[in-house]
Every structure is written in C-alpha cells, then in structure tokens.
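Colleague: I have a structure here, written as structure tokens, and I will follow up with some questions on it.
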Amino acid sequence: LFGEGHPPPPLDGPRDFGHGSTCHVRALGHAVQYGQQDNPPSVLAALERYSATAEWLRLSLYDDRGPIIDTALRESFQVRDKSDLRQVTALVLGTGIGYSCIRLATILKEFTQQVLLVAVEVDAEMASLAQNLVEFAGLSDVIKIRVGSTSDILTGICEELGSQRVGVLLLDHGRGQGQEEPVHEDLQRILDSGVLAVHALVVAPSCLQLGSSLFLWQMIEASRAGLCQFDLVSVPECKQSLVEDLVCTAQWSSQAPQGWVPGPPPIELAHLAAECNLVHSRASRGLIGPPAWAAF
C-alpha cells in the first residue's frame, strides 16, 4: 500500500501512551502519526506495517484473508442489479480497532458513493478506539459504531435502518475474550429480524470464533434449504501458522422464511462444539499454547 519506491517510515514516533496502555492504543497512535488524515488507504497501510513490524494485531481482513474476501465482495456486487447499488448497507459485528470497517467501506465505495456501515462492538474501549480511527480516516459519515451486544441493540439498529436491508454482513467476532456472543446465535438473530437483504453476502473471516462449529452447521442447513451458497477457504490462523482456519463466504439467494431455524446438529457435532468452546476459552486465557491449540 505504500507503493513501489516509497519505503515505509521508520518506527521512531511516540511509543509511551501512559502506564498500562494496550497495543491497540499504541497502534492507533502510530496510524495517526504515519497515516494521512482523510486518506483511508494510508491509514490501513500504517496499521498493516505496525502489525508486521511492531506488535501483532488481529486484522481479520488482512494477510491471506484479505484477497479472498475482497474477491467475494467484488464478485457479489458485479452481478447485482443496479437498483441494489443505489445505496449499500453493511452490518459488522465486532469492530476491532476499526481496520475491517475502514477496509470494507473502502471496497463498497468502489460500487456506490451511498454507503452506510453500522458496526457493533461489545467492548466500549475498543469501540472508542475504532471511532477515533474512523474519524481520522475521514469516514465518520459512512461508518456508525454502536456499543453493545447484538442481542441488546439489534432491534434498535433495525429501527434505525427502517426500510433499508443489509447487503453485506461481516461476522468479525473475537476469540472468546470479552462478552461477545457466539457467532451462530448472532446470525440467527439477524435472520429472525428480517434485516438481511435477499442477495446479501455473509462473510465470516474466521471459523475459530466462539460458536463456529454450529455456525458452519447453519450454513449447511441454509444451503440445503436453498437460501444460500457458501464457500470455505483454508487459511492459516491469524497469528499461528500451525493452526488451520477457514474463511466462509455465503451468497444469499432468498430471504429466510419467518421462523426458519437449522435442524438439530448431529450429536457428535454438538459434542464437538462444546469441546471447541472449552478449548477456545482456555486458549483465550493463555492456558493452552500454540502447539496444543494446533494439535486440537
């Protein structure tokens, strides 16, 4: 993103943001110092370099995942009717530091200038950092961040959107830290609400999220019901090359009937889901190292 012949600046900016500051606070400071205000690509580039050379950040739309998701988005929008492109509404569950929101909004603006991206973040501190990054990138008129869990604020978001339907759903949940809800439960809430557009694209950058086993079962059942077609692509887990992860992209073709729910999963899958959640919780607290996580 820095471009050929333009080496990135050295990491010699301010690093002391106060006692106990997190890597995300330091990354935001770096992005503000080395990125260009109102220039989203430069802000994204600054975060990418910080993650690569200073402190690792979980940037779900970067590395191997980025091109996969970019391609799925462009393929989805290139075949949509022009009437669907007058305004595009996206819903993001999990903002992180704001990287995914800015990258997604930037891609959507290739197809229409009327973009609205609503992002939900359960961690108030992380939401504040993302809001600052969004404003610095000049996208505060496009990206609206809401603090809370999906179960608490989805009704309010639906009322806010009115007749608008969500054309892109990004399920960018965390790794079991904080109070985020399982990804399959959030998806079911969104399907039940009716806010998902008929030809929506649903993206899960990681299938190592809490509830991912049952989320994949949802995708299988939705595909069998003729609601969507989905693809899974193998990628390394964000930080650990020993761990395999999956990127899921699902192109919706019809709206789920009122009251639709996936059938009960096989008992073996239900047991696996419970075991995954347990290992997930232990790994997020540092009780399981990379080799054990990879072996599982």
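Just remember, in the structure tokens the first chain shown is A, the second B, etc., residues are 1-based per chain, and ligands are 1-based in the order shown.
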Find the spatial neighbours of Val168 (chain A), counting only C-alpha atoms, within a cut-off of 7 Å - ignore same-chain residues fewer than 4 positions away - and output them as a ChimeraX atom specification.

Modeller: /A:89-91,200-202

Colleague: Set the distance at 8 Å and use only C-alpha atoms: which residues neighbour region 263-274 of chain A once local chain neighbours fewer than 2 positions away are removed? I'd like the list as a PyMOL selection string.

Modeller: chain A and resi 211-214+217+221+261+276-278

Colleague: Give me, as a ChimeraX atom specification, the residues of region 157-263 of chain A that a backbone DSSP run labels strand (DSSP E).

Modeller: /A:166-171,196-204,228-236,244-252

Colleague: How would the residues just picked look written out with N, CA, C and O atoms as a compact mmCIF listing (two decimals), in the first residue's frame?

Modeller:
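Once written, part.txt looks like this:
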# COMPACT_ATOMS: atom_id res chain seq x y z
N VAL A 166 -29.70 -5.06 4.87
CA VAL A 166 -28.26 -5.25 4.95
C VAL A 166 -27.78 -6.07 3.77
O VAL A 166 -28.17 -7.23 3.61
N GLY A 167 -26.93 -5.46 2.93
CA GLY A 167 -26.41 -6.16 1.76
C GLY A 167 -25.13 -6.92 2.02
O GLY A 167 -24.77 -7.82 1.27
N VAL A 168 -24.40 -6.54 3.08
CA VAL A 168 -23.17 -7.23 3.48
C VAL A 168 -23.18 -7.40 4.99
O VAL A 168 -23.38 -6.42 5.72
N LEU A 169 -22.98 -8.62 5.43
CA LEU A 169 -22.89 -8.92 6.86
C LEU A 169 -21.52 -9.50 7.14
O LEU A 169 -21.16 -10.54 6.59
N LEU A 170 -20.73 -8.81 7.98
CA LEU A 170 -19.40 -9.27 8.35
C LEU A 170 -19.43 -9.73 9.80
O LEU A 170 -19.66 -8.95 10.71
N LEU A 171 -19.21 -11.03 10.00
CA LEU A 171 -19.23 -11.62 11.34
C LEU A 171 -17.79 -11.70 11.84
O LEU A 171 -17.13 -12.73 11.73
N LEU A 196 -31.76 -8.85 6.81
CA LEU A 196 -30.81 -9.27 5.78
C LEU A 196 -31.46 -9.21 4.40
O LEU A 196 -32.56 -9.72 4.20
N ALA A 197 -30.79 -8.58 3.45
CA ALA A 197 -31.32 -8.45 2.09
C ALA A 197 -31.35 -9.80 1.39
O ALA A 197 -30.63 -10.73 1.76
N VAL A 198 -32.17 -9.89 0.35
CA VAL A 198 -32.34 -11.15 -0.37
C VAL A 198 -31.02 -11.62 -0.96
O VAL A 198 -30.69 -12.81 -0.91
N HIS A 199 -30.23 -10.70 -1.54
CA HIS A 199 -28.98 -11.09 -2.19
C HIS A 199 -27.76 -10.67 -1.36
O HIS A 199 -26.73 -10.28 -1.92
N ALA A 200 -27.87 -10.77 -0.07
CA ALA A 200 -26.79 -10.35 0.83
C ALA A 200 -25.60 -11.30 0.74
O ALA A 200 -25.74 -12.49 0.43
N LEU A 201 -24.44 -10.75 1.04
CA LEU A 201 -23.23 -11.55 1.18
C LEU A 201 -22.88 -11.61 2.66
O LEU A 201 -22.74 -10.57 3.32
N VAL A 202 -22.75 -12.82 3.19
CA VAL A 202 -22.39 -13.03 4.59
C VAL A 202 -20.95 -13.54 4.64
O VAL A 202 -20.61 -14.51 3.95
N VAL A 203 -20.12 -12.88 5.44
CA VAL A 203 -18.69 -13.21 5.50
C VAL A 203 -18.29 -13.47 6.95
O VAL A 203 -18.56 -12.65 7.83
N ALA A 204 -17.64 -14.60 7.17
CA ALA A 204 -17.01 -14.89 8.46
C ALA A 204 -15.52 -15.05 8.20
O ALA A 204 -15.09 -16.06 7.62
N CYS A 228 -28.88 -20.12 0.45
CA CYS A 228 -27.57 -19.56 0.12
C CYS A 228 -26.66 -20.61 -0.47
O CYS A 228 -26.95 -21.82 -0.42
N GLN A 229 -25.57 -20.14 -1.05
CA GLN A 229 -24.45 -20.99 -1.45
C GLN A 229 -23.22 -20.46 -0.73
O GLN A 229 -22.98 -19.25 -0.73
N PHE A 230 -22.46 -21.35 -0.13
CA PHE A 230 -21.31 -20.88 0.64
C PHE A 230 -20.04 -21.60 0.23
O PHE A 230 -20.07 -22.72 -0.29
N ASP A 231 -18.93 -20.91 0.45
CA ASP A 231 -17.60 -21.44 0.16
C ASP A 231 -16.74 -21.35 1.40
O ASP A 231 -16.85 -20.39 2.19
N LEU A 232 -15.88 -22.33 1.58
CA LEU A 232 -14.90 -22.33 2.66
C LEU A 232 -13.50 -22.38 2.04
O LEU A 232 -13.24 -23.19 1.16
N VAL A 233 -12.63 -21.50 2.52
CA VAL A 233 -11.25 -21.47 2.03
C VAL A 233 -10.31 -21.62 3.23
O VAL A 233 -10.45 -20.90 4.24
N SER A 234 -9.37 -22.54 3.11
CA SER A 234 -8.42 -22.79 4.19
C SER A 234 -7.34 -21.70 4.21
O SER A 234 -6.78 -21.34 3.16
N VAL A 235 -7.07 -21.16 5.39
CA VAL A 235 -6.03 -20.15 5.59
C VAL A 235 -5.34 -20.43 6.92
O VAL A 235 -5.91 -21.09 7.80
N PRO A 236 -4.13 -19.93 7.12
CA PRO A 236 -3.51 -20.03 8.44
C PRO A 236 -4.26 -19.14 9.43
O PRO A 236 -4.77 -18.08 9.06
N GLU A 244 -4.83 -24.27 11.36
CA GLU A 244 -5.64 -24.03 10.18
C GLU A 244 -6.93 -23.32 10.58
O GLU A 244 -7.55 -23.62 11.59
N ASP A 245 -7.32 -22.37 9.76
CA ASP A 245 -8.58 -21.67 9.94
C ASP A 245 -9.33 -21.72 8.62
O ASP A 245 -8.80 -22.18 7.60
N LEU A 246 -10.57 -21.26 8.62
CA LEU A 246 -11.39 -21.23 7.42
C LEU A 246 -12.03 -19.86 7.27
O LEU A 246 -12.48 -19.27 8.26
N VAL A 247 -12.07 -19.36 6.04
CA VAL A 247 -12.84 -18.17 5.70
C VAL A 247 -14.13 -18.65 5.04
O VAL A 247 -14.09 -19.44 4.10
N CYS A 248 -15.26 -18.17 5.54
CA CYS A 248 -16.55 -18.56 4.99
C CYS A 248 -17.19 -17.36 4.30
O CYS A 248 -17.33 -16.29 4.90
N THR A 249 -17.56 -17.53 3.05
CA THR A 249 -18.34 -16.51 2.32
C THR A 249 -19.61 -17.19 1.83
O THR A 249 -19.56 -18.24 1.19
N ALA A 250 -20.75 -16.57 2.13
CA ALA A 250 -22.05 -17.15 1.78
C ALA A 250 -22.86 -16.13 1.01
O ALA A 250 -23.16 -15.05 1.53
N GLN A 251 -23.22 -16.47 -0.24
CA GLN A 251 -24.05 -15.60 -1.06
C GLN A 251 -25.51 -16.01 -0.88
O GLN A 251 -25.91 -17.09 -1.26
N TRP A 252 -26.26 -15.13 -0.25
CA TRP A 252 -27.68 -15.41 -0.02
C TRP A 252 -28.45 -15.25 -1.32
O TRP A 252 -28.17 -14.37 -2.14

Colleague: I need the alpha helix (DSSP H) residues of region 66-204 of chain A per DSSP on the backbone, written as number ranges by chain.

Modeller: A: 66-78, 99-108, 124-137, 150-161, 183-193

Colleague: Hey, can you check how far CA of Pro291 (chain A) sits from CA of Glu275 (chain A)?

Modeller: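 It comes out at 17.2 Å.
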
Colleague: For Ser254 (chain A), which of A:Ala130, A:Ala119, A:Leu191, A:Ala295 is the closest residue, counting only C-alpha atoms?

Modeller: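 Nearest to Ser254 (chain A): A:Leu191.
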
Colleague: Can you pull out the residues contacting Arg189 (chain A)? Cut-off 12 Å, using only C-alpha atoms, and skip same-chain residues under 5 positions away; I want them as a PyMOL selection string.

Modeller: chain A and resi 149-155+158+181-184+194-196+256+258-261

Colleague: Would you mind telling me which residue in A:Asp192, A:Asp64, A:Asp186, A:Glu159 lies nearest to Pro205 (chain A) when using only C-alpha atoms?

Modeller: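 Looking only at the distances to Pro205 (chain A), the closest residue turns out to be A:Asp64.
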
Colleague: Within 10 Å of Leu57 (chain A), counting only C-alpha atoms, which residues qualify if same-chain residues fewer than 5 places away don't, as a list of chain:residue names?

Modeller: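 Here the qualifying residues turn out to be A:Cys23, A:His24, A:Ala27, A:Leu47, A:Glu48, A:Tyr50, A:Ser51, A:Ala52, A:Gly96, A:Ile97, A:Tyr99, A:Cys238, A:Lys239.
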
Colleague: So which residues touch region 134-143 of chain A within 7 Å, counting only C-alpha atoms, skipping near sequence neighbours fewer than 5 positions away, as a PDB file with N, CA, C and O atoms, in the first residue's frame?

Modeller:
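Output (result_15.pdb):
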ATOM      1  N   GLN A  37      -4.504  11.977   7.200  1.00  0.00           N
ATOM      2  CA  GLN A  37      -5.888  12.243   7.569  1.00  0.00           C
ATOM      3  C   GLN A  37      -6.765  12.277   6.315  1.00  0.00           C
ATOM      4  O   GLN A  37      -6.369  12.799   5.273  1.00  0.00           O
ATOM      5  N   ASP A  38      -7.957  11.699   6.440  1.00  0.00           N
ATOM      6  CA  ASP A  38      -8.931  11.631   5.346  1.00  0.00           C
ATOM      7  C   ASP A  38      -8.417  10.818   4.163  1.00  0.00           C
ATOM      8  O   ASP A  38      -8.869  11.004   3.025  1.00  0.00           O
ATOM      9  N   ASN A  39      -7.498   9.892   4.428  1.00  0.00           N
ATOM     10  CA  ASN A  39      -6.941   9.032   3.383  1.00  0.00           C
ATOM     11  C   ASN A  39      -6.983   7.590   3.889  1.00  0.00           C
ATOM     12  O   ASN A  39      -6.003   7.102   4.468  1.00  0.00           O
ATOM     13  N   PRO A  40      -8.105   6.886   3.695  1.00  0.00           N
ATOM     14  CA  PRO A  40      -8.238   5.529   4.255  1.00  0.00           C
ATOM     15  C   PRO A  40      -7.134   4.567   3.864  1.00  0.00           C
ATOM     16  O   PRO A  40      -6.631   3.836   4.733  1.00  0.00           O
ATOM     17  N   VAL A  43      -4.143   5.003   6.102  1.00  0.00           N
ATOM     18  CA  VAL A  43      -4.418   4.575   7.479  1.00  0.00           C
ATOM     19  C   VAL A  43      -4.328   3.053   7.571  1.00  0.00           C
ATOM     20  O   VAL A  43      -3.732   2.500   8.512  1.00  0.00           O
ATOM     21  N   GLY A  98     -10.881  -1.084  14.153  1.00  0.00           N
ATOM     22  CA  GLY A  98     -11.540  -0.338  13.090  1.00  0.00           C
ATOM     23  C   GLY A  98     -11.020  -0.653  11.700  1.00  0.00           C
ATOM     24  O   GLY A  98     -11.551  -0.170  10.707  1.00  0.00           O
ATOM     25  N   ILE A 102     -13.010   0.064   7.988  1.00  0.00           N
ATOM     26  CA  ILE A 102     -12.475   1.005   7.001  1.00  0.00           C
ATOM     27  C   ILE A 102     -12.200   0.295   5.686  1.00  0.00           C
ATOM     28  O   ILE A 102     -12.527   0.809   4.602  1.00  0.00           O
ATOM     29  N   VAL A 115     -22.965   4.643   0.839  1.00  0.00           N
ATOM     30  CA  VAL A 115     -22.623   3.502   1.689  1.00  0.00           C
ATOM     31  C   VAL A 115     -22.921   3.851   3.138  1.00  0.00           C
ATOM     32  O   VAL A 115     -22.557   4.933   3.620  1.00  0.00           O
ATOM     33  N   LEU A 116     -23.568   2.939   3.821  1.00  0.00           N
ATOM     34  CA  LEU A 116     -23.768   3.050   5.263  1.00  0.00           C
ATOM     35  C   LEU A 116     -23.286   1.761   5.900  1.00  0.00           C
ATOM     36  O   LEU A 116     -23.753   0.675   5.546  1.00  0.00           O
ATOM     37  N   LEU A 117     -22.342   1.882   6.818  1.00  0.00           N
ATOM     38  CA  LEU A 117     -21.809   0.719   7.520  1.00  0.00           C
ATOM     39  C   LEU A 117     -22.076   0.907   9.007  1.00  0.00           C
ATOM     40  O   LEU A 117     -21.583   1.858   9.611  1.00  0.00           O
ATOM     41  N   VAL A 118     -22.859   0.005   9.578  1.00  0.00           N
ATOM     42  CA  VAL A 118     -23.154   0.021  11.005  1.00  0.00           C
ATOM     43  C   VAL A 118     -22.336  -1.087  11.663  1.00  0.00           C
ATOM     44  O   VAL A 118     -22.408  -2.252  11.253  1.00  0.00           O
TER      45      VAL A 118
END

Colleague: Which one of A:Ile107, A:Ile190, A:Leu287, A:Val25 sits closest to Glu125 (chain A) if you count only C-alpha atoms?

Modeller: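 Among the listed residues, the smallest separation from Glu125 (chain A) belongs to A:Val25.
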
Colleague: CA of Asp81 (chain A) and CA of Leu227 (chain A), how far apart in Å?

Modeller: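 Those two atoms sit 18.7 Å apart.
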
Colleague: Point out the residue among A:Pro257, A:Leu210, A:Val147, A:Gln218 with the least atom-to-atom distance to Ser193 (chain A), counting only C-alpha atoms.

Modeller: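 Smallest separation from Ser193 (chain A) among the options: A:Pro257.
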
Colleague: If you measure from CA of Val92 (chain A) to CA of Ala46 (chain A), what distance in Å do you get, rounded to one decimal?

Modeller: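 According to the coordinates, CA of Val92 (chain A) and CA of Ala46 (chain A) are separated by 21.9 Å.
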
Colleague: List the neighbours of Leu85 (chain A) out to 10 Å using only C-alpha atoms; skip same-chain residues closer than 5 positions along the sequence, and give me the result as a VMD selection string.

Modeller: chain A and resid 77 to 78 80 108 111 to 115 167

Colleague: For the residues in the current selection, export all heavy atoms as a short mmCIF file (atom, residue, chain, number, x, y, z; two decimals), in the first residue's frame.

Modeller:
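Printed below is again.cif as written:
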data_model
loop_
_atom_site.label_atom_id
_atom_site.label_comp_id
_atom_site.auth_asym_id
_atom_site.auth_seq_id
_atom_site.Cartn_x
_atom_site.Cartn_y
_atom_site.Cartn_z
N PHE A 77 -20.97 -7.96 -5.98
CA PHE A 77 -21.55 -6.69 -6.41
C PHE A 77 -21.54 -6.50 -7.92
O PHE A 77 -22.37 -5.78 -8.46
CB PHE A 77 -20.83 -5.53 -5.72
CG PHE A 77 -21.33 -5.28 -4.33
CD1 PHE A 77 -20.77 -5.93 -3.25
CD2 PHE A 77 -22.39 -4.42 -4.10
CE1 PHE A 77 -21.25 -5.74 -1.96
CE2 PHE A 77 -22.87 -4.20 -2.82
CZ PHE A 77 -22.30 -4.86 -1.75
N GLN A 78 -20.63 -7.17 -8.61
CA GLN A 78 -20.58 -7.02 -10.06
C GLN A 78 -21.81 -7.62 -10.74
O GLN A 78 -22.16 -7.21 -11.86
CB GLN A 78 -19.31 -7.66 -10.60
CG GLN A 78 -18.06 -6.83 -10.34
CD GLN A 78 -16.78 -7.56 -10.64
OE1 GLN A 78 -16.78 -8.76 -10.97
NE2 GLN A 78 -15.64 -6.88 -10.50
N ARG A 80 -24.90 -7.76 -9.25
CA ARG A 80 -26.14 -7.25 -8.67
C ARG A 80 -26.82 -6.26 -9.61
O ARG A 80 -26.18 -5.57 -10.40
CB ARG A 80 -25.87 -6.58 -7.32
CG ARG A 80 -25.39 -7.55 -6.26
CD ARG A 80 -25.44 -6.95 -4.88
NE ARG A 80 -24.78 -7.81 -3.90
CZ ARG A 80 -24.86 -7.64 -2.58
NH1 ARG A 80 -25.56 -6.64 -2.10
NH2 ARG A 80 -24.24 -8.46 -1.76
N LEU A 108 -16.62 -1.05 -0.73
CA LEU A 108 -18.00 -0.81 -1.12
C LEU A 108 -18.16 0.50 -1.88
O LEU A 108 -19.00 0.61 -2.78
CB LEU A 108 -18.91 -0.81 0.12
CG LEU A 108 -19.02 -2.14 0.87
CD1 LEU A 108 -19.95 -2.00 2.07
CD2 LEU A 108 -19.52 -3.25 -0.06
N PHE A 111 -18.35 0.75 -5.69
CA PHE A 111 -19.57 0.45 -6.42
C PHE A 111 -20.64 1.51 -6.26
O PHE A 111 -21.52 1.65 -7.11
CB PHE A 111 -20.11 -0.92 -5.98
CG PHE A 111 -19.16 -2.04 -6.25
CD1 PHE A 111 -18.28 -2.48 -5.27
CD2 PHE A 111 -19.12 -2.65 -7.49
CE1 PHE A 111 -17.39 -3.51 -5.52
CE2 PHE A 111 -18.24 -3.68 -7.75
CZ PHE A 111 -17.36 -4.11 -6.78
N THR A 112 -20.62 2.26 -5.17
CA THR A 112 -21.59 3.32 -4.95
C THR A 112 -21.05 4.27 -3.89
O THR A 112 -20.32 3.85 -2.99
CB THR A 112 -22.95 2.76 -4.49
OG1 THR A 112 -23.84 3.85 -4.20
CG2 THR A 112 -22.80 1.90 -3.24
N GLN A 113 -21.40 5.53 -4.02
CA GLN A 113 -20.99 6.51 -3.02
C GLN A 113 -21.96 6.53 -1.84
O GLN A 113 -21.67 7.14 -0.81
CB GLN A 113 -20.90 7.90 -3.65
CG GLN A 113 -19.73 8.04 -4.63
CD GLN A 113 -18.39 7.73 -3.99
OE1 GLN A 113 -18.02 8.33 -2.97
NE2 GLN A 113 -17.64 6.79 -4.56
N GLN A 114 -23.11 5.87 -2.00
CA GLN A 114 -24.10 5.83 -0.93
C GLN A 114 -23.89 4.57 -0.10
O GLN A 114 -24.53 3.53 -0.33
CB GLN A 114 -25.52 5.87 -1.52
CG GLN A 114 -25.83 7.13 -2.30
CD GLN A 114 -25.77 8.36 -1.41
OE1 GLN A 114 -26.26 8.37 -0.28
NE2 GLN A 114 -25.14 9.42 -1.92
N VAL A 115 -22.97 4.64 0.84
CA VAL A 115 -22.62 3.50 1.69
C VAL A 115 -22.92 3.85 3.14
O VAL A 115 -22.56 4.93 3.62
CB VAL A 115 -21.13 3.12 1.55
CG1 VAL A 115 -20.76 2.00 2.52
CG2 VAL A 115 -20.82 2.69 0.11
N GLY A 167 -26.93 -5.46 2.93
CA GLY A 167 -26.41 -6.16 1.76
C GLY A 167 -25.13 -6.92 2.02
O GLY A 167 -24.77 -7.82 1.27
#
